[in-house]
>>> print(open('my_file-v1.pdb').read())   # PDB, C-alpha atoms and all ligand atoms
ATOM      1  CA  MET A   1       2.263  11.055  28.199  1.00  0.00           C
ATOM      2  CA  ARG A   2       1.542   7.465  27.209  1.00  0.00           C
ATOM      3  CA  LEU A   3       1.225   5.800  23.828  1.00  0.00           C
ATOM      4  CA  VAL A   4      -1.092   2.790  23.881  1.00  0.00           C
ATOM      5  CA  VAL A   5      -1.350   0.388  20.935  1.00  0.00           C
ATOM      6  CA  GLU A   6      -4.008  -2.304  21.232  1.00  0.00           C
ATOM      7  CA  ASN A   7      -4.600  -5.309  19.066  1.00  0.00           C
ATOM      8  CA  LEU A   8      -3.171  -3.633  15.978  1.00  0.00           C
ATOM      9  CA  ALA A   9      -3.580  -5.489  12.687  1.00  0.00           C
ATOM     10  CA  CYS A  10      -2.367  -4.685   9.207  1.00  0.00           C
ATOM     11  CA  GLU A  11      -2.879  -5.912   5.657  1.00  0.00           C
ATOM     12  CA  ARG A  12      -0.761  -4.877   2.692  1.00  0.00           C
ATOM     13  CA  SER A  13      -1.945  -5.519  -0.861  1.00  0.00           C
ATOM     14  CA  GLY A  14      -4.779  -7.587   0.619  1.00  0.00           C
ATOM     15  CA  ARG A  15      -2.423  -9.927   2.507  1.00  0.00           C
ATOM     16  CA  PRO A  16      -2.272 -10.010   6.305  1.00  0.00           C
ATOM     17  CA  VAL A  17       1.084  -8.800   7.652  1.00  0.00           C
ATOM     18  CA  PHE A  18       0.389  -9.073  11.405  1.00  0.00           C
ATOM     19  CA  GLN A  19      -2.390  -8.995  13.937  1.00  0.00           C
ATOM     20  CA  GLY A  20      -2.754  -8.720  17.704  1.00  0.00           C
ATOM     21  CA  VAL A  21       0.131  -6.284  18.268  1.00  0.00           C
ATOM     22  CA  SER A  22      -0.294  -4.547  21.638  1.00  0.00           C
ATOM     23  CA  PHE A  23       2.131  -2.458  23.668  1.00  0.00           C
ATOM     24  CA  ALA A  24       2.318   0.727  25.695  1.00  0.00           C
ATOM     25  CA  VAL A  25       5.118   3.274  26.037  1.00  0.00           C
ATOM     26  CA  ASP A  26       5.232   5.846  28.829  1.00  0.00           C
ATOM     27  CA  GLU A  27       7.138   9.094  28.699  1.00  0.00           C
ATOM     28  CA  GLY A  28      10.775   8.503  29.448  1.00  0.00           C
ATOM     29  CA  GLU A  29      10.660   5.033  27.890  1.00  0.00           C
ATOM     30  CA  ALA A  30      11.825   3.444  24.659  1.00  0.00           C
ATOM     31  CA  VAL A  31      10.347   0.391  22.984  1.00  0.00           C
ATOM     32  CA  ALA A  32      12.322  -1.683  20.498  1.00  0.00           C
ATOM     33  CA  LEU A  33      10.227  -3.432  17.859  1.00  0.00           C
ATOM     34  CA  VAL A  34      11.992  -6.690  17.059  1.00  0.00           C
ATOM     35  CA  GLY A  35      11.182  -9.552  14.714  1.00  0.00           C
ATOM     36  CA  ARG A  36      12.204 -11.354  11.546  1.00  0.00           C
ATOM     37  CA  ASN A  37      12.683  -9.651   8.197  1.00  0.00           C
ATOM     38  CA  GLY A  38       9.264  -8.883   6.772  1.00  0.00           C
ATOM     39  CA  ALA A  39       7.456  -9.315  10.115  1.00  0.00           C
ATOM     40  CA  GLY A  40       6.041  -5.791   9.979  1.00  0.00           C
ATOM     41  CA  LYS A  41       8.289  -3.585  12.142  1.00  0.00           C
ATOM     42  CA  SER A  42       8.557  -0.804   9.541  1.00  0.00           C
ATOM     43  CA  THR A  43       4.866  -1.208   8.792  1.00  0.00           C
ATOM     44  CA  THR A  44       4.033  -0.667  12.492  1.00  0.00           C
ATOM     45  CA  LEU A  45       6.077   2.550  12.553  1.00  0.00           C
ATOM     46  CA  GLN A  46       4.440   3.757   9.336  1.00  0.00           C
ATOM     47  CA  ILE A  47       1.001   3.176  10.875  1.00  0.00           C
ATOM     48  CA  LEU A  48       2.019   5.144  13.991  1.00  0.00           C
ATOM     49  CA  ALA A  49       3.363   7.925  11.747  1.00  0.00           C
ATOM     50  CA  GLY A  50       0.019   8.113   9.930  1.00  0.00           C
ATOM     51  CA  LEU A  51       1.447   6.887   6.617  1.00  0.00           C
ATOM     52  CA  LEU A  52      -0.544   3.626   6.525  1.00  0.00           C
ATOM     53  CA  GLU A  53      -4.004   2.687   7.770  1.00  0.00           C
ATOM     54  CA  PRO A  54      -4.261  -0.309  10.112  1.00  0.00           C
ATOM     55  CA  SER A  55      -6.909  -2.904   9.292  1.00  0.00           C
ATOM     56  CA  GLY A  56      -7.774  -3.250  12.984  1.00  0.00           C
ATOM     57  CA  GLY A  57      -6.943  -2.180  16.513  1.00  0.00           C
ATOM     58  CA  SER A  58      -6.442   1.192  18.140  1.00  0.00           C
ATOM     59  CA  ILE A  59      -3.716   3.747  18.834  1.00  0.00           C
ATOM     60  CA  LEU A  60      -4.068   6.321  21.580  1.00  0.00           C
ATOM     61  CA  LEU A  61      -1.668   9.064  22.652  1.00  0.00           C
ATOM     62  CA  ASP A  62      -2.712  10.052  26.135  1.00  0.00           C
ATOM     63  CA  GLY A  63      -1.452  13.320  27.589  1.00  0.00           C
ATOM     64  CA  GLY A  64      -0.272  14.981  24.390  1.00  0.00           C
ATOM     65  CA  HIS A  65      -1.727  18.045  22.695  1.00  0.00           C
ATOM     66  CA  ASP A  66      -5.488  17.466  22.431  1.00  0.00           C
ATOM     67  CA  ASP A  67      -5.692  19.453  19.212  1.00  0.00           C
ATOM     68  CA  ARG A  68      -2.925  17.539  17.400  1.00  0.00           C
ATOM     69  CA  THR A  69      -2.853  14.050  15.940  1.00  0.00           C
ATOM     70  CA  LEU A  70      -0.143  11.548  16.896  1.00  0.00           C
ATOM     71  CA  PRO A  71       1.677  12.088  13.561  1.00  0.00           C
ATOM     72  CA  GLU A  72       1.672  15.837  14.245  1.00  0.00           C
ATOM     73  CA  GLN A  73       3.439  15.171  17.542  1.00  0.00           C
ATOM     74  CA  ALA A  74       5.884  12.621  16.178  1.00  0.00           C
ATOM     75  CA  HIS A  75       9.185  12.562  14.323  1.00  0.00           C
ATOM     76  CA  TYR A  76       9.347   9.688  11.873  1.00  0.00           C
ATOM     77  CA  VAL A  77      12.800   8.740  10.598  1.00  0.00           C
ATOM     78  CA  GLY A  78      12.371   5.914   8.104  1.00  0.00           C
ATOM     79  CA  HIS A  79      15.140   3.682   6.846  1.00  0.00           C
ATOM     80  CA  ARG A  80      15.350   5.808   3.735  1.00  0.00           C
ATOM     81  CA  ASP A  81      16.972   9.062   4.754  1.00  0.00           C
ATOM     82  CA  ALA A  82      14.567  11.380   2.841  1.00  0.00           C
ATOM     83  CA  LEU A  83      17.277  13.802   1.729  1.00  0.00           C
ATOM     84  CA  LYS A  84      17.235  15.742  -1.530  1.00  0.00           C
ATOM     85  CA  PRO A  85      20.610  15.210  -3.217  1.00  0.00           C
ATOM     86  CA  ALA A  86      20.988  18.829  -4.384  1.00  0.00           C
ATOM     87  CA  LEU A  87      20.285  20.410  -0.973  1.00  0.00           C
ATOM     88  CA  THR A  88      23.075  20.947   1.546  1.00  0.00           C
ATOM     89  CA  PRO A  89      22.712  19.540   5.086  1.00  0.00           C
ATOM     90  CA  HIS A  90      22.206  23.106   6.315  1.00  0.00           C
ATOM     91  CA  GLU A  91      19.390  23.670   3.802  1.00  0.00           C
ATOM     92  CA  ALA A  92      17.842  20.258   4.485  1.00  0.00           C
ATOM     93  CA  LEU A  93      17.640  20.902   8.230  1.00  0.00           C
ATOM     94  CA  GLY A  94      16.284  24.433   7.647  1.00  0.00           C
ATOM     95  CA  PHE A  95      13.565  22.908   5.476  1.00  0.00           C
ATOM     96  CA  TRP A  96      12.679  20.283   8.087  1.00  0.00           C
ATOM     97  CA  GLN A  97      12.610  22.871  10.862  1.00  0.00           C
ATOM     98  CA  ALA A  98      10.245  25.115   8.893  1.00  0.00           C
ATOM     99  CA  MET A  99       8.043  22.199   7.885  1.00  0.00           C
ATOM    100  CA  LEU A 100       7.854  20.441  11.250  1.00  0.00           C
ATOM    101  CA  GLY A 101       7.467  23.584  13.386  1.00  0.00           C
ATOM    102  CA  GLU A 102       8.187  23.850  17.137  1.00  0.00           C
ATOM    103  CA  PRO A 103      11.780  24.962  16.416  1.00  0.00           C
ATOM    104  CA  ALA A 104      14.331  23.624  18.883  1.00  0.00           C
ATOM    105  CA  ILE A 105      18.046  24.064  18.258  1.00  0.00           C
ATOM    106  CA  ASP A 106      19.559  25.803  15.243  1.00  0.00           C
ATOM    107  CA  PRO A 107      20.394  23.701  12.143  1.00  0.00           C
ATOM    108  CA  ASP A 108      24.085  24.656  12.507  1.00  0.00           C
ATOM    109  CA  GLU A 109      24.158  23.550  16.132  1.00  0.00           C
ATOM    110  CA  ALA A 110      22.406  20.271  15.256  1.00  0.00           C
ATOM    111  CA  LEU A 111      25.006  19.620  12.543  1.00  0.00           C
ATOM    112  CA  ASP A 112      27.815  20.305  15.021  1.00  0.00           C
ATOM    113  CA  ARG A 113      26.252  17.931  17.568  1.00  0.00           C
ATOM    114  CA  LEU A 114      26.117  15.179  14.952  1.00  0.00           C
ATOM    115  CA  GLY A 115      29.682  15.859  13.823  1.00  0.00           C
ATOM    116  CA  LEU A 116      28.604  17.201  10.442  1.00  0.00           C
ATOM    117  CA  GLY A 117      29.626  20.852  10.817  1.00  0.00           C
ATOM    118  CA  HIS A 118      32.385  20.444   8.228  1.00  0.00           C
ATOM    119  CA  ALA A 119      29.884  19.115   5.656  1.00  0.00           C
ATOM    120  CA  ALA A 120      27.162  21.743   6.244  1.00  0.00           C
ATOM    121  CA  ASP A 121      27.478  23.261   2.763  1.00  0.00           C
ATOM    122  CA  LEU A 122      28.150  20.175   0.646  1.00  0.00           C
ATOM    123  CA  PRO A 123      25.336  18.752  -1.491  1.00  0.00           C
ATOM    124  CA  CYS A 124      23.721  15.814   0.345  1.00  0.00           C
ATOM    125  CA  ALA A 125      24.556  13.684  -2.725  1.00  0.00           C
ATOM    126  CA  TYR A 126      28.212  13.740  -1.604  1.00  0.00           C
ATOM    127  CA  LEU A 127      27.560  12.403   1.906  1.00  0.00           C
ATOM    128  CA  SER A 128      28.539   8.872   2.925  1.00  0.00           C
ATOM    129  CA  ALA A 129      25.874   6.441   4.143  1.00  0.00           C
ATOM    130  CA  GLY A 130      26.746   7.092   7.797  1.00  0.00           C
ATOM    131  CA  GLN A 131      26.808  10.864   7.266  1.00  0.00           C
ATOM    132  CA  ARG A 132      23.390  10.692   5.604  1.00  0.00           C
ATOM    133  CA  ARG A 133      22.092   8.733   8.576  1.00  0.00           C
ATOM    134  CA  ARG A 134      23.528  11.261  11.022  1.00  0.00           C
ATOM    135  CA  LEU A 135      21.872  14.066   9.060  1.00  0.00           C
ATOM    136  CA  ALA A 136      18.522  12.242   9.127  1.00  0.00           C
ATOM    137  CA  LEU A 137      18.907  11.936  12.910  1.00  0.00           C
ATOM    138  CA  ALA A 138      19.869  15.633  13.240  1.00  0.00           C
ATOM    139  CA  ARG A 139      16.282  16.337  12.188  1.00  0.00           C
ATOM    140  CA  LEU A 140      15.197  15.082  15.630  1.00  0.00           C
ATOM    141  CA  LEU A 141      17.040  18.004  17.226  1.00  0.00           C
ATOM    142  CA  VAL A 142      15.787  20.929  15.140  1.00  0.00           C
ATOM    143  CA  SER A 143      12.104  20.491  15.940  1.00  0.00           C
ATOM    144  CA  ASP A 144      10.633  19.653  19.314  1.00  0.00           C
ATOM    145  CA  ARG A 145       8.320  16.643  19.055  1.00  0.00           C
ATOM    146  CA  PRO A 146       7.746  14.275  21.989  1.00  0.00           C
ATOM    147  CA  VAL A 147       7.290  10.993  20.092  1.00  0.00           C
ATOM    148  CA  TRP A 148      10.222   9.617  18.086  1.00  0.00           C
ATOM    149  CA  LEU A 149       9.490   6.818  15.593  1.00  0.00           C
ATOM    150  CA  LEU A 150      12.806   5.471  14.333  1.00  0.00           C
ATOM    151  CA  ASP A 151      13.347   2.751  11.752  1.00  0.00           C
ATOM    152  CA  GLU A 152      16.696   0.988  12.223  1.00  0.00           C
ATOM    153  CA  PRO A 153      18.211   4.258  13.451  1.00  0.00           C
ATOM    154  CA  THR A 154      21.736   2.930  13.965  1.00  0.00           C
ATOM    155  CA  SER A 155      22.169   1.313  10.545  1.00  0.00           C
ATOM    156  CA  ALA A 156      25.338   2.579   8.824  1.00  0.00           C
ATOM    157  CA  LEU A 157      26.513   4.318  12.030  1.00  0.00           C
ATOM    158  CA  ASP A 158      30.050   3.660  13.282  1.00  0.00           C
ATOM    159  CA  ALA A 159      30.647   2.886  16.981  1.00  0.00           C
ATOM    160  CA  ALA A 160      31.192   6.542  17.967  1.00  0.00           C
ATOM    161  CA  SER A 161      28.032   7.647  16.122  1.00  0.00           C
ATOM    162  CA  GLN A 162      26.047   4.871  17.802  1.00  0.00           C
ATOM    163  CA  GLN A 163      27.157   6.209  21.177  1.00  0.00           C
ATOM    164  CA  LEU A 164      26.211   9.718  20.127  1.00  0.00           C
ATOM    165  CA  PHE A 165      22.816   8.440  19.008  1.00  0.00           C
ATOM    166  CA  ALA A 166      22.298   6.743  22.391  1.00  0.00           C
ATOM    167  CA  GLN A 167      23.182   9.995  24.194  1.00  0.00           C
ATOM    168  CA  ILE A 168      20.696  11.952  22.088  1.00  0.00           C
ATOM    169  CA  VAL A 169      17.930   9.428  22.704  1.00  0.00           C
ATOM    170  CA  ASN A 170      18.683   9.201  26.435  1.00  0.00           C
ATOM    171  CA  ARG A 171      18.477  12.980  26.703  1.00  0.00           C
ATOM    172  CA  HIS A 172      15.132  12.933  24.888  1.00  0.00           C
ATOM    173  CA  LEU A 173      13.865  10.295  27.343  1.00  0.00           C
ATOM    174  CA  GLU A 174      15.142  12.306  30.332  1.00  0.00           C
ATOM    175  CA  ARG A 175      13.167  15.282  29.048  1.00  0.00           C
ATOM    176  CA  GLY A 176       9.963  13.190  29.027  1.00  0.00           C
ATOM    177  CA  GLY A 177       9.960  12.075  25.399  1.00  0.00           C
ATOM    178  CA  LEU A 178       9.154   8.576  24.209  1.00  0.00           C
ATOM    179  CA  VAL A 179      10.668   6.426  21.483  1.00  0.00           C
ATOM    180  CA  VAL A 180       9.515   3.494  19.354  1.00  0.00           C
ATOM    181  CA  ALA A 181      12.319   2.037  17.251  1.00  0.00           C
ATOM    182  CA  ALA A 182      12.509  -0.901  14.849  1.00  0.00           C
ATOM    183  CA  THR A 183      15.819  -2.638  15.280  1.00  0.00           C
ATOM    184  CA  HIS A 184      17.787  -5.832  14.678  1.00  0.00           C
ATOM    185  CA  GLY A 185      20.379  -5.016  17.321  1.00  0.00           C
ATOM    186  CA  PRO A 186      20.706  -3.351  20.719  1.00  0.00           C
ATOM    187  CA  LEU A 187      19.884   0.352  20.697  1.00  0.00           C
ATOM    188  CA  GLY A 188      22.226   1.115  23.587  1.00  0.00           C
ATOM    189  CA  VAL A 189      19.500   3.200  25.170  1.00  0.00           C
ATOM    190  CA  ARG A 190      18.246   3.058  28.760  1.00  0.00           C
ATOM    191  CA  GLU A 191      14.750   1.827  29.695  1.00  0.00           C
ATOM    192  CA  THR A 192      14.224  -0.190  26.526  1.00  0.00           C
ATOM    193  CA  ALA A 193      11.503  -2.824  26.444  1.00  0.00           C
ATOM    194  CA  SER A 194      11.226  -5.182  23.468  1.00  0.00           C
ATOM    195  CA  VAL A 195       8.023  -5.884  21.586  1.00  0.00           C
ATOM    196  CA  ARG A 196       8.109  -8.772  19.134  1.00  0.00           C
ATOM    197  CA  ILE A 197       6.249  -8.399  15.859  1.00  0.00           C
ATOM    198  CA  GLY A 198       5.383 -11.753  14.234  1.00  0.00           C
ATOM    199  CA  PRO A 199       6.724 -15.189  15.183  1.00  0.00           C
ATOM    200  CA  ALA A 200       9.933 -15.677  17.190  1.00  0.00           C
TER     201      ALA A 200
HETATM  202  N1  LIG A 301       4.081  -1.464  -0.459  1.00  0.00           N
HETATM  203  C1  LIG A 301       3.862  -2.727  -0.084  1.00  0.00           C
HETATM  204  N2  LIG A 301       2.877  -3.449  -0.637  1.00  0.00           N
HETATM  205  C2  LIG A 301       2.648  -4.718  -0.247  1.00  0.00           C
HETATM  206  N3  LIG A 301       3.331  -5.350   0.707  1.00  0.00           N
HETATM  207  C3  LIG A 301       4.315  -4.666   1.286  1.00  0.00           C
HETATM  208  C4  LIG A 301       4.640  -3.322   0.920  1.00  0.00           C
HETATM  209  N4  LIG A 301       5.671  -2.917   1.679  1.00  0.00           N
HETATM  210  C5  LIG A 301       5.982  -3.952   2.490  1.00  0.00           C
HETATM  211  N5  LIG A 301       5.178  -4.990   2.247  1.00  0.00           N
HETATM  212  C6  LIG A 301       5.195  -6.292   2.929  1.00  0.00           C
HETATM  213  O1  LIG A 301       4.826  -6.079   4.306  1.00  0.00           O
HETATM  214  C7  LIG A 301       5.539  -7.003   5.125  1.00  0.00           C
HETATM  215  C8  LIG A 301       6.172  -6.258   6.270  1.00  0.00           C
HETATM  216  O2  LIG A 301       7.217  -5.410   5.773  1.00  0.00           O
HETATM  217  P1  LIG A 301       8.069  -4.501   6.752  1.00  0.00           P
HETATM  218  O3  LIG A 301       8.953  -3.671   5.885  1.00  0.00           O
HETATM  219  O4  LIG A 301       7.159  -3.812   7.686  1.00  0.00           O
HETATM  220  O5  LIG A 301       8.914  -5.587   7.551  1.00  0.00           O
HETATM  221  P2  LIG A 301      10.075  -5.400   8.605  1.00  0.00           P
HETATM  222  O6  LIG A 301       9.716  -6.217   9.806  1.00  0.00           O
HETATM  223  O7  LIG A 301      10.346  -3.960   8.825  1.00  0.00           O
HETATM  224  O8  LIG A 301      11.286  -6.087   7.840  1.00  0.00           O
HETATM  225  P3  LIG A 301      12.879  -5.858   7.845  1.00  0.00           P
HETATM  226  O9  LIG A 301      13.402  -6.450   9.131  1.00  0.00           O
HETATM  227  O10 LIG A 301      13.328  -6.657   6.656  1.00  0.00           O
HETATM  228  O11 LIG A 301      13.133  -4.386   7.678  1.00  0.00           O
HETATM  229  C9  LIG A 301       6.528  -7.745   4.210  1.00  0.00           C
HETATM  230  O12 LIG A 301       6.002  -9.008   3.918  1.00  0.00           O
HETATM  231  C10 LIG A 301       6.579  -6.886   2.979  1.00  0.00           C
HETATM  232  O13 LIG A 301       6.806  -7.663   1.807  1.00  0.00           O
END
>>> encode(input="my_file-v1.pdb", output="structure tokens")
Amino acid sequence: MRLVVENLACERSGRPVFQGVSFAVDEGEAVALVGRNGAGKSTTLQILAGLLEPSGGSILLDGGHDDRTLPEQAHYVGHRDALKPALTPHEALGFWQAMLGEPAIDPDEALDRLGLGHAADLPCAYLSAGQRRRLALARLLVSDRPVWLLDEPTSALDAASQQLFAQIVNRHLERGGLVVAATHGPLGVRETASVRIGPA
């Protein structure tokens, strides 16, 4: 599988955000989108996730399911955690698993892996910022999708959680997945190439 982005351009509210963004990611590889605040890293991920239309360029996922779009084969974890405050982590992961399809591991097992087993039945409103982030990342484990689009995935994570995150991503890469992540710091993940969005 290979994701190829060529000459991507984007406008928001009629103003150009970036142009000429090109990169390719093979299975087993991660790409870190880097660049200044406002350069368009989140925007690039949102385009890949099918949430925004580019104003130019092309995106091709080669070797995936022919009958599914890229967004249908991708997990998108934005920098907002997309959790309903009244749902418990267990309920939230059950919802995501049913909605995303291709069930992988059980919600309870995913919560245990992310160190959230003790909080499985608390309302999400009670979770700390790092716990919310870990829950958002647990979504990656409950549904099997080859392309992971991650926006500042390690924000709010403590050192141990960052290591756990790196292990989860490395395992995904070993299994032939691919990752595109917007980041301001090192991801701690193997095989990471950097792609700069906007000026240095
Ligand atoms: N809904 C919107 N309407 C218009 N412009 C927007 C909208 N959302 C973002 N922008 C603009 O698009 C540009 C790119 O934003 P984006 O969030 O992609 O940057 P980023 O590189 O992820 O930044 P950061 O490092 O601060 O997270 C910014 O100039 C931002 O103001």
>>> closest_residue(input="my_file-v1.pdb", among="A:Asp121, A:Arg133, A:Asp151, A:Ser143", to="Thr88 in chain A", atoms="only C-alpha atoms")
A:Asp121
>>> residues_near_ligand(input="my_file-v1.pdb", ligand="ligand LIG 301 (chain A)", cutoff="6 Å", atoms="only C-alpha atoms and all ligand atoms", output="mmCIF file with C-alpha atoms, in the frame of the given file")
data_model
loop_
_atom_site.group_PDB
_atom_site.id
_atom_site.type_symbol
_atom_site.label_atom_id
_atom_site.label_comp_id
_atom_site.auth_asym_id
_atom_site.auth_seq_id
_atom_site.Cartn_x
_atom_site.Cartn_y
_atom_site.Cartn_z
ATOM 1 C CA ARG A 12 -0.761 -4.877 2.692
ATOM 2 C CA SER A 13 -1.945 -5.519 -0.861
ATOM 3 C CA VAL A 17 1.084 -8.800 7.652
ATOM 4 C CA ARG A 36 12.204 -11.354 11.546
ATOM 5 C CA ASN A 37 12.683 -9.651 8.197
ATOM 6 C CA GLY A 38 9.264 -8.883 6.772
ATOM 7 C CA ALA A 39 7.456 -9.315 10.115
ATOM 8 C CA GLY A 40 6.041 -5.791 9.979
ATOM 9 C CA LYS A 41 8.289 -3.585 12.142
ATOM 10 C CA SER A 42 8.557 -0.804 9.541
ATOM 11 C CA THR A 43 4.866 -1.208 8.792
#
>>> resolve_selection(input="my_file-v1.pdb", expression="the PyMOL selection byres (((chain A and resi 10) around 10) and not hetatm)", output="PDB file with C-alpha atoms, in the coordinates of the input")
ATOM      1  CA  LEU A   8      -3.171  -3.633  15.978  1.00  0.00           C
ATOM      2  CA  ALA A   9      -3.580  -5.489  12.687  1.00  0.00           C
ATOM      3  CA  GLU A  11      -2.879  -5.912   5.657  1.00  0.00           C
ATOM      4  CA  ARG A  12      -0.761  -4.877   2.692  1.00  0.00           C
ATOM      5  CA  GLY A  14      -4.779  -7.587   0.619  1.00  0.00           C
ATOM      6  CA  ARG A  15      -2.423  -9.927   2.507  1.00  0.00           C
ATOM      7  CA  PRO A  16      -2.272 -10.010   6.305  1.00  0.00           C
ATOM      8  CA  VAL A  17       1.084  -8.800   7.652  1.00  0.00           C
ATOM      9  CA  PHE A  18       0.389  -9.073  11.405  1.00  0.00           C
ATOM     10  CA  GLN A  19      -2.390  -8.995  13.937  1.00  0.00           C
ATOM     11  CA  GLY A  20      -2.754  -8.720  17.704  1.00  0.00           C
ATOM     12  CA  VAL A  21       0.131  -6.284  18.268  1.00  0.00           C
ATOM     13  CA  GLY A  40       6.041  -5.791   9.979  1.00  0.00           C
ATOM     14  CA  THR A  43       4.866  -1.208   8.792  1.00  0.00           C
ATOM     15  CA  THR A  44       4.033  -0.667  12.492  1.00  0.00           C
ATOM     16  CA  ILE A  47       1.001   3.176  10.875  1.00  0.00           C
ATOM     17  CA  LEU A  52      -0.544   3.626   6.525  1.00  0.00           C
ATOM     18  CA  GLU A  53      -4.004   2.687   7.770  1.00  0.00           C
ATOM     19  CA  PRO A  54      -4.261  -0.309  10.112  1.00  0.00           C
ATOM     20  CA  SER A  55      -6.909  -2.904   9.292  1.00  0.00           C
ATOM     21  CA  GLY A  56      -7.774  -3.250  12.984  1.00  0.00           C
ATOM     22  CA  GLY A  57      -6.943  -2.180  16.513  1.00  0.00           C
TER      23      GLY A  57
END
>>> closest_atom_pairs(input="my_file-v1.pdb", of="range 32-113 of chain A", to="range 164-173 of chain A", cutoff="12 Å", atoms="all atoms listed in the file", output="CSV")
residue,atom,partner,partner_atom,distance
A:Ala110,CA,A:Ile168,CA,10.9
A:Asp112,CA,A:Leu164,CA,11.9
A:Arg113,CA,A:Leu164,CA,8.6
>>> write_last_selection(input="my_file-v1.pdb", atoms="C-alpha atoms", output="short mmCIF file (atom, residue, chain, number, x, y, z; two decimals), in the frame of the given file")
data_model
loop_
_atom_site.label_atom_id
_atom_site.label_comp_id
_atom_site.auth_asym_id
_atom_site.auth_seq_id
_atom_site.Cartn_x
_atom_site.Cartn_y
_atom_site.Cartn_z
CA ALA A 110 22.41 20.27 15.26
CA ASP A 112 27.82 20.30 15.02
CA ARG A 113 26.25 17.93 17.57
#
>>> resolve_selection(input="my_file-v1.pdb", expression="the PyMOL selection byres (((chain A and resi 178) around 9) and not hetatm)", output="list in words")
Met1, Arg2, Leu3, Val25, Asp26, Glu27, Gly28, Glu29, Ala30, Val31, Pro146, Val147, Trp148, Leu149, Val169, His172, Leu173, Gly176, Gly177, Val179 and Val180 of chain A
>>> resolve_selection(input="my_file-v1.pdb", expression="the PyMOL selection byres (((chain A and resi 196) around 7) and not hetatm)", output="list in words")
Leu33, Val34, Gly35, Ser194, Val195, Ile197 and Gly198 of chain A
>>> closest_residue(input="my_file-v1.pdb", among="A:Ala200, A:Ala92, A:Val4, A:Leu187", to="Ala159 in chain A", atoms="all atoms listed in the file")
A:Leu187
>>> closest_residue(input="my_file-v1.pdb", among="A:Leu140, A:Leu48, A:Ile59, A:Cys124", to="Leu87 in chain A", atoms="all atoms listed in the file")
A:Cys124
